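> Dropping in query00.cif, which is mmCIF, C-alpha atoms:
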```
data_input
loop_
_atom_site.label_atom_id
_atom_site.label_comp_id
_atom_site.auth_asym_id
_atom_site.auth_seq_id
_atom_site.Cartn_x
_atom_site.Cartn_y
_atom_site.Cartn_z
CA MET W 10 -5.03 13.26 -264.86
CA LEU W 11 -8.76 13.59 -264.22
CA PHE W 12 -8.15 13.96 -260.48
CA GLU W 13 -5.63 16.73 -261.13
CA ILE W 14 -8.10 18.56 -263.40
CA LEU W 15 -10.80 18.35 -260.75
CA ARG W 16 -8.48 19.30 -257.91
CA ARG W 17 -7.16 22.37 -259.72
CA GLY W 18 -10.59 23.25 -261.04
CA ARG W 19 -12.46 23.23 -257.73
CA GLY W 20 -12.25 27.00 -257.55
CA ALA W 21 -12.97 27.63 -261.24
CA ARG W 22 -15.98 29.79 -261.94
CA SER W 23 -17.70 31.73 -264.68
CA GLU W 24 -18.68 35.37 -264.41
CA PRO W 25 -21.98 35.91 -262.55
CA PHE W 26 -25.19 36.41 -264.50
CA GLU W 27 -28.62 37.68 -263.44
CA ILE W 28 -31.72 35.58 -264.02
CA GLY W 29 -34.19 37.82 -265.79
CA GLY W 30 -34.75 40.91 -263.68
CA THR W 31 -35.25 38.94 -260.48
CA GLY W 32 -32.18 40.08 -258.56
CA VAL W 33 -31.08 36.44 -258.36
CA PHE W 34 -27.58 35.80 -259.67
CA GLY W 35 -25.88 32.58 -260.69
CA LEU W 36 -22.52 31.33 -261.86
CA THR W 37 -20.91 28.05 -262.87
CA ASN W 38 -18.34 26.46 -260.55
CA LEU W 39 -16.46 24.19 -262.99
CA PHE W 40 -19.57 22.16 -263.92
CA VAL W 41 -22.18 23.02 -261.26
CA GLU W 42 -24.36 26.13 -261.00
CA LEU W 43 -24.73 28.13 -257.79
CA TYR W 44 -27.31 30.86 -257.14
CA ALA W 45 -27.68 33.72 -254.66
CA ALA W 46 -29.86 36.74 -253.95
CA LYS W 47 -30.13 39.68 -251.61
CA VAL W 48 -33.29 39.76 -249.51
CA GLY W 49 -33.25 43.13 -247.80
CA LYS W 50 -29.93 43.20 -245.97
CA ALA W 51 -29.72 39.40 -245.90
CA VAL W 52 -28.22 37.12 -248.53
CA VAL W 53 -29.46 33.64 -249.40
CA LEU W 54 -27.45 30.98 -251.20
CA PHE W 55 -28.78 28.03 -253.17
CA ASP W 56 -25.99 25.41 -253.05
CA THR W 57 -22.37 26.29 -252.36
CA GLY W 58 -20.31 24.41 -254.95
CA MET W 59 -17.32 22.10 -254.74
CA ASP W 60 -14.65 24.48 -253.44
CA PRO W 61 -14.08 24.26 -249.65
CA ARG W 62 -12.28 27.62 -249.90
CA GLY W 63 -15.43 29.20 -251.32
CA ARG W 64 -13.86 31.13 -254.19
CA PRO W 65 -16.88 30.77 -256.53
CA VAL W 66 -19.26 31.74 -253.72
CA ASP W 67 -17.15 34.80 -252.96
CA ARG W 68 -17.41 35.91 -256.59
CA LEU W 69 -21.18 35.47 -256.48
CA LEU W 70 -21.38 37.52 -253.30
CA GLU W 71 -19.21 40.20 -254.87
CA ALA W 72 -21.74 40.51 -257.71
CA LEU W 73 -24.39 41.20 -255.07
CA GLY W 74 -22.24 43.76 -253.27
CA ALA W 75 -22.14 41.40 -250.28
CA GLU W 76 -19.70 39.51 -248.08
CA ARG W 77 -19.75 36.16 -246.29
CA GLY W 78 -21.03 37.73 -243.11
CA ASP W 79 -24.18 38.89 -244.94
CA VAL W 80 -25.29 35.30 -245.67
CA THR W 81 -28.13 34.36 -243.32
CA ASP W 82 -29.50 31.25 -245.05
CA VAL W 83 -27.98 28.48 -247.16
CA PHE W 84 -30.37 26.15 -249.01
CA LEU W 85 -28.84 22.83 -250.12
CA THR W 86 -30.76 21.02 -252.85
CA HIS W 87 -29.10 17.71 -251.93
CA CYS W 88 -26.03 16.21 -250.28
CA HIS W 89 -23.72 15.55 -253.23
CA PRO W 90 -20.24 16.94 -252.50
CA ASP W 91 -20.06 19.22 -255.55
CA HIS W 92 -22.99 21.18 -254.10
CA VAL W 93 -22.13 21.49 -250.41
CA ALA W 94 -18.37 22.00 -249.98
CA GLY W 95 -18.68 25.72 -249.24
CA ALA W 96 -21.47 25.43 -246.66
CA PRO W 97 -19.20 25.31 -243.55
CA LEU W 98 -17.85 28.76 -244.49
CA PHE W 99 -21.04 30.33 -243.10
CA PRO W 100 -21.18 29.24 -239.44
CA ALA W 101 -23.62 32.00 -238.49
CA ALA W 102 -26.11 31.11 -241.23
CA ARG W 103 -29.04 28.73 -241.09
CA VAL W 104 -28.34 25.75 -243.34
CA HIS W 105 -31.46 24.16 -244.83
CA ALA W 106 -31.57 20.64 -246.29
CA GLY W 107 -33.83 17.63 -246.60
CA ALA W 108 -34.01 15.63 -243.38
CA ARG W 109 -33.14 12.34 -245.07
CA ASP W 110 -29.87 13.86 -246.36
CA GLY W 111 -28.72 14.88 -242.86
CA PRO W 112 -26.57 11.79 -242.12
CA ARG W 113 -24.87 11.99 -245.51
CA LEU W 114 -24.06 15.67 -245.04
CA THR W 115 -22.31 15.01 -241.73
CA GLY W 116 -20.56 11.88 -243.00
CA GLU W 117 -22.39 9.58 -240.59
CA ALA W 118 -23.96 7.65 -243.49
CA PRO W 119 -21.89 6.49 -246.48
CA PRO W 120 -22.73 7.45 -250.07
CA ARG W 121 -24.89 4.91 -251.86
CA ARG W 122 -23.47 5.32 -255.35
CA ALA W 123 -19.95 4.54 -256.47
CA ALA W 124 -19.67 7.88 -258.30
CA GLU W 125 -20.19 9.80 -255.05
CA ARG W 126 -17.79 7.56 -253.09
CA TRP W 127 -15.15 8.08 -255.77
CA PHE W 128 -15.66 11.86 -255.78
CA ARG W 129 -15.42 12.11 -251.98
CA ARG W 130 -12.23 10.05 -251.89
CA LEU W 131 -10.50 12.11 -254.56
CA LEU W 132 -11.77 15.50 -253.40
CA PRO W 133 -12.51 15.35 -249.66
CA THR W 134 -15.41 17.55 -248.62
CA PRO W 135 -15.93 18.89 -245.08
CA ALA W 136 -18.85 17.70 -242.98
CA VAL W 137 -21.94 19.89 -243.16
CA HIS W 138 -24.20 20.26 -240.14
CA ALA W 139 -27.58 21.51 -241.30
CA THR W 140 -29.44 23.62 -238.74
CA ASP W 141 -32.85 23.24 -240.41
CA LEU W 142 -33.70 19.75 -241.68
CA HIS W 143 -37.00 19.69 -243.56
CA ALA W 144 -39.02 16.47 -243.63
CA GLY W 145 -41.85 17.88 -245.74
CA THR W 146 -43.11 20.95 -247.55
CA ALA W 147 -42.28 24.11 -245.64
CA SER W 148 -42.18 27.88 -245.98
CA VAL W 149 -39.10 29.72 -244.73
CA ARG W 150 -39.22 33.46 -244.10
CA VAL W 151 -36.07 35.40 -244.93
CA GLY W 152 -35.89 39.18 -244.82
CA GLY W 153 -39.61 39.62 -245.44
CA GLU W 154 -39.82 37.13 -248.30
CA SER W 155 -40.82 33.48 -248.38
CA ILE W 156 -38.86 30.51 -249.75
CA ARG W 157 -40.92 27.37 -250.28
CA VAL W 158 -39.29 23.99 -249.61
CA LEU W 159 -40.56 21.14 -251.79
CA PRO W 160 -39.23 17.63 -251.11
CA LEU W 161 -37.97 16.10 -254.36
CA PRO W 162 -36.53 12.69 -253.38
CA GLY W 163 -34.77 10.40 -255.80
CA ASP W 164 -31.45 11.93 -256.75
CA THR W 165 -30.74 11.62 -253.01
CA PRO W 166 -33.24 10.63 -250.30
CA GLY W 167 -33.56 14.18 -248.98
CA ALA W 168 -33.30 16.10 -252.23
CA CYS W 169 -35.41 19.27 -252.25
CA ALA W 170 -36.45 22.00 -254.64
CA PHE W 171 -36.76 25.59 -253.47
CA LEU W 172 -39.20 28.13 -254.93
CA PHE W 173 -38.24 31.79 -254.56
CA ARG W 174 -39.37 34.82 -256.58
CA GLY W 175 -40.94 32.52 -259.18
CA ILE W 176 -37.69 30.57 -259.60
CA LEU W 177 -37.57 26.84 -258.88
CA PHE W 178 -34.10 25.62 -257.86
CA VAL W 179 -34.01 21.87 -258.52
CA GLY W 180 -30.38 20.87 -258.01
CA ASP W 181 -29.62 17.64 -259.89
CA ALA W 182 -33.20 16.33 -260.00
CA LEU W 183 -33.45 17.83 -263.48
CA ASP W 184 -30.75 18.88 -265.94
CA LEU W 185 -31.16 21.32 -268.82
CA ARG W 186 -29.74 19.55 -271.88
CA GLY W 187 -30.46 20.33 -275.50
CA GLY W 188 -33.07 22.89 -274.54
CA ARG W 189 -35.11 20.35 -272.53
CA LEU W 190 -35.43 19.47 -268.87
CA ARG W 191 -34.31 15.88 -268.37
CA PRO W 192 -33.96 13.57 -265.35
CA ALA W 193 -30.66 13.49 -263.48
CA TRP W 194 -27.95 11.21 -264.84
CA GLY W 195 -28.43 7.69 -263.52
CA TYR W 196 -24.82 7.10 -262.45
CA ALA W 197 -25.17 9.55 -259.55
CA THR W 198 -28.87 9.08 -258.76
CA ASP W 199 -29.74 7.09 -255.63
CA ASP W 200 -33.20 6.02 -256.82
CA ALA W 201 -34.00 6.77 -260.46
CA ALA W 202 -37.61 5.55 -260.16
CA GLU W 203 -38.24 7.83 -257.19
CA ASN W 204 -36.69 10.74 -259.07
CA LEU W 205 -39.10 10.13 -261.96
CA ARG W 206 -42.04 10.12 -259.55
CA SER W 207 -40.87 13.43 -258.09
CA ILE W 208 -40.54 15.01 -261.54
CA ALA W 209 -43.95 13.75 -262.61
CA SER W 210 -45.56 15.37 -259.56
CA LEU W 211 -44.09 18.84 -260.01
CA PRO W 212 -46.59 20.48 -262.40
CA ASP W 213 -49.53 19.70 -260.10
CA ARG W 214 -47.64 20.79 -256.99
CA LEU W 215 -46.74 24.11 -258.64
CA ALA W 216 -50.07 24.74 -260.37
CA GLU W 217 -51.16 27.54 -258.03
CA LEU W 218 -47.69 28.98 -257.43
CA PRO W 219 -45.70 31.55 -259.42
CA LEU W 220 -43.17 29.98 -261.78
CA ASP W 221 -41.04 31.88 -264.27
CA PHE W 222 -37.78 29.91 -264.34
CA VAL W 223 -36.45 26.47 -263.46
CA CYS W 224 -32.82 26.70 -262.37
CA THR W 225 -30.87 23.48 -262.74
CA ALA W 226 -27.46 22.75 -261.26
CA HIS W 227 -26.22 21.42 -264.59
CA GLY W 228 -27.35 23.49 -267.53
CA GLY W 229 -28.46 26.65 -265.76
CA PRO W 230 -31.88 28.35 -265.97
CA THR W 231 -34.63 27.73 -268.48
CA PRO W 232 -35.38 30.59 -270.91
CA GLN W 233 -37.80 33.19 -269.62
CA GLY W 234 -41.43 32.25 -270.18
CA GLN W 235 -40.75 28.57 -270.89
CA ALA W 236 -40.59 27.11 -267.38
CA ARG W 237 -44.09 25.63 -267.18
CA ALA W 238 -44.03 24.19 -270.69
CA LEU W 239 -40.61 22.59 -270.20
CA LEU W 240 -41.57 21.26 -266.79
CA ALA W 241 -44.79 19.77 -268.16
CA GLN W 242 -42.78 18.13 -270.94
CA ALA W 243 -40.33 16.72 -268.40
CA ALA W 244 -43.22 15.36 -266.31
CA ASP W 245 -44.70 13.66 -269.38
CA LEU W 246 -41.33 12.08 -270.16
CA ALA W 247 -40.99 10.92 -266.56
CA ARG W 248 -44.45 9.33 -266.61
CA ALA W 249 -43.67 7.62 -269.93
CA ALA W 250 -40.39 6.28 -268.56
CA ARG W 251 -42.15 4.95 -265.47
CA SER W 252 -44.80 3.24 -267.61
CA ALA W 253 -42.12 1.69 -269.81
CA GLU W 254 -40.28 0.35 -266.80
CA GLY W 255 -43.52 -1.09 -265.42
CA ALA W 256 -44.26 -2.83 -268.72
CA ALA W 257 -40.75 -4.25 -269.11
CA PRO W 258 -40.42 -8.01 -268.54
CA ALA W 259 -38.94 -9.07 -265.21
#
```
Represent the structure contained in this file as structure tokens.

Amino acid sequence: MLFEILRRGRGARSEPFEIGGTGVFGLTNLFVELYAAKVGKAVVLFDTGMDPRGRPVDRLLEALGAERGDVTDVFLTHCHPDHVAGAPLFPAARVHAGARDGPRLTGEAPPRRAAERWFRRLLPTPAVHATDLHAGTASVRVGGESIRVLPLPGDTPGACAFLFRGILFVGDALDLRGGRLRPAWGYATDDAAENLRSIASLPDRLAELPLDFVCTAHGGPTPQGQARALLAQAADLARAARSAEGAAPA
């Protein structure tokens, strides 16, 4: 029954919504958020959802007045299949991902967690061949604007956040639940301790950079004007969790 719900729901999507007045649009593909924006004549995507046919992505592009051929850059926050299934639909685009996720994207390396293995067996996802694998912090120029790549390992080894127009796209590293930013669910996280370290480091790494929203893949964007406060709160919780784990008896 669950498999049938997922299989039929792969193409399900909400109506697109704009994040503030940024020109960045998002929508929900069953239970995962995707985001896109026009940059001049180019279009950038942040994750591509779980539908290999790309129906949610097409609706997002429609909201931008764009088509698949307009997409020049795809930024994948991490290699989980519910985020990358639509990426092969853009063969002319640059596909950006964390270097340590490269083998998982192509299928050369097996998933580490049972939840991901189960998902891939039930809902096969095509191999993704990233053209731009980032091993560290980087700045990518697209259509006259800059997108900052920030490694955020833990949820997967090559998980990344992307900062664009004051919006931080964090994938599954953080969820927005109950009005708070919280660490990714443990059942699908490769290394929960590493994810906590990444979260704890974010406020300092973003201190001198513009930040208006944090866009999660599960829960959507933070309310306008609350990004820094919620991120600082999440970092404090991550540090407290790390301290508690360190103090726990072996």
> Give me the residues within 9 Å of Pro120 in chain W as a list in words, counting all atoms listed in the file and dropping any in the same chain fewer than 6 places off.
His89, Arg113, Arg126, Arg129 and Asp199 of chain W
> Using the chain letters and numbers from the file, which residues does the PyMOL selection byres ((chain W and resi 206) around 10) grab, as a PyMOL selection string?
chain W and resi 161-163+201-205+207-211+244+247-248+250-251
> If you apply the PyMOL selection byres ((chain W and resi 145-159) around 9) to this file, what residues do you get, as a compact mmCIF listing (two decimals) with C-alpha atoms, keeping the file's coordinate frame?

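Once written, out.txt looks like this:
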```
# COMPACT_ATOMS: atom_id res chain seq x y z
CA LYS W 47 -30.13 39.68 -251.61
CA VAL W 48 -33.29 39.76 -249.51
CA GLY W 49 -33.25 43.13 -247.80
CA LYS W 50 -29.93 43.20 -245.97
CA ALA W 51 -29.72 39.40 -245.90
CA VAL W 52 -28.22 37.12 -248.53
CA VAL W 53 -29.46 33.64 -249.40
CA THR W 81 -28.13 34.36 -243.32
CA ASP W 82 -29.50 31.25 -245.05
CA GLY W 107 -33.83 17.63 -246.60
CA ALA W 108 -34.01 15.63 -243.38
CA HIS W 143 -37.00 19.69 -243.56
CA ALA W 144 -39.02 16.47 -243.63
CA PRO W 160 -39.23 17.63 -251.11
CA LEU W 161 -37.97 16.10 -254.36
CA ALA W 168 -33.30 16.10 -252.23
CA CYS W 169 -35.41 19.27 -252.25
CA ALA W 170 -36.45 22.00 -254.64
CA PHE W 171 -36.76 25.59 -253.47
CA LEU W 172 -39.20 28.13 -254.93
CA PHE W 173 -38.24 31.79 -254.56
CA ARG W 174 -39.37 34.82 -256.58
CA ARG W 214 -47.64 20.79 -256.99
```
> What's the separation between CA of Phe84 in chain W and CA of Leu132 in chain W, in Å to one decimal place?
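According to the coordinates, CA of Phe84 in chain W and CA of Leu132 in chain W are separated by 21.9 Å.
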> Which residues fall under the PyMOL selection byres ((chain W and resi 220) around 10) in this file, as a PyMOL selection string?
chain W and resi 172-177+215-219+221-223+234-237
> Please produce an output containing C-alpha atoms for each residue in the selection, written as a tab-separated table (two decimals), keeping the file's coordinate frame.

```
chain	number	residue	atom	x	y	z
W	172	LEU	CA	-39.20	28.13	-254.93
W	173	PHE	CA	-38.24	31.79	-254.56
W	174	ARG	CA	-39.37	34.82	-256.58
W	175	GLY	CA	-40.94	32.52	-259.18
W	176	ILE	CA	-37.69	30.57	-259.60
W	177	LEU	CA	-37.57	26.84	-258.88
W	215	LEU	CA	-46.74	24.11	-258.64
W	216	ALA	CA	-50.07	24.74	-260.37
W	217	GLU	CA	-51.16	27.54	-258.03
W	218	LEU	CA	-47.69	28.98	-257.43
W	219	PRO	CA	-45.70	31.55	-259.42
W	221	ASP	CA	-41.04	31.88	-264.27
W	222	PHE	CA	-37.78	29.91	-264.34
W	223	VAL	CA	-36.45	26.47	-263.46
W	234	GLY	CA	-41.43	32.25	-270.18
W	235	GLN	CA	-40.75	28.57	-270.89
W	236	ALA	CA	-40.59	27.11	-267.38
W	237	ARG	CA	-44.09	25.63	-267.18
```
> Under the rule of at most 7 Å, produce a per-residue listing of range 141-196 of chain W near range 238-243 of chain W: chain, number, name, the closest pair of atoms, and the distance in Å, as a Markdown table, using all atoms listed in the file.

```
| residue | atom | partner | partner_atom | distance |
| --- | --- | --- | --- | --- |
| W:Arg189 | CA | W:Leu239 | CA | 6.4 |
| W:Leu190 | CA | W:Ala243 | CA | 5.6 |
| W:Arg191 | CA | W:Ala243 | CA | 6.1 |
```
> Which residues are close to Arg130 in chain W, i.e. within 12 Å by only C-alpha atoms, leaving aside same-chain residues fewer than 4 positions away? Reply as a PyMOL selection string.
chain W and resi 12+16+90+119-120+123-126+134-135
> Mind pulling up the distance from CA of Leu70 in chain W to CA of Ala45 in chain W?
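CA of Leu70 in chain W lies at a distance of 7.5 Å from CA of Ala45 in chain W.
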> From the options W:Val137, W:Ala96, W:Leu131, W:Val83, which residue's atoms come nearest to Gly63 in chain W, counting all atoms listed in the file?
W:Ala96
> Have a look at CA of Phe40 in chain W and CA of Phe99 in chain W and let me know their distance in Å, one decimal.
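Spanning CA of Phe40 in chain W to CA of Phe99 in chain W is a straight-line distance of 22.4 Å.
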> Would you please work out which residue, of W:Asp181, W:Trp127, W:His227, W:Ala102, is nearest to Leu39 in chain W when using all atoms listed in the file?
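Between W:Asp181, W:Trp127, W:His227, W:Ala102, the residue approaching Leu39 in chain W most closely is W:His227.
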> Check the smallest atom-to-atom distance from each of W:Ala46, W:Gly187, W:Pro112, W:Arg62 to Val80 in chain W using all atoms listed in the file, then report the winner.
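Between W:Ala46, W:Gly187, W:Pro112, W:Arg62, the residue approaching Val80 in chain W most closely is W:Ala46.
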> Identify, on the basis of only C-alpha atoms, every residue whose closest approach to Phe26 in chain W does not exceed 8 Å; exclude the query and any residue fewer than 6 positions from it along the same chain; express the result as a PyMOL selection string.
chain W and resi 34-36
> If the box runs along x, y and z of the file and leaves 5 Å on each side of range 144-151 of chain W, what are its centre and edge lengths in Å, one decimal, as lines of an AutoDock Vina configuration file?

```
center_x = -39.6
center_y = 25.9
center_z = -245.6
size_x = 17.0
size_y = 28.9
size_z = 13.9
```
> Give the answer as one residue: which of W:Leu114, W:Ala193, W:Cys224, W:Met59 has the shortest atom-to-atom distance to Tyr44 in chain W, using all atoms listed in the file?
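That would be W:Cys224, the residue with the smallest distance to Tyr44 in chain W.
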> Which polymer residues have any atom within 8 Å of an atom of Leu85 in chain W, counting only C-alpha atoms, with same-chain residues fewer than 5 positions away left out, as a ChimeraX atom specification?
/W:55-57,92-93,104-106,169
> If you count only C-alpha atoms, which residues fall within 7 Å of Gly58 in chain W, apart from same-chain ones fewer than 3 positions away, as a count of residues only?
8
> Nearest to Leu15 in chain W: which of W:Asp60, W:Gly74, W:Thr140, W:Gly116 is it, counting all atoms listed in the file?
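Comparing W:Asp60, W:Gly74, W:Thr140, W:Gly116 against Leu15 in chain W, the winner is W:Asp60.
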> Return the single residue from W:Glu42, W:Thr225, W:Leu246, W:Pro25 that is closest to Phe178 in chain W, with distances computed using all atoms listed in the file.
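Answer, going by the shortest atom-to-atom distance: W:Thr225.
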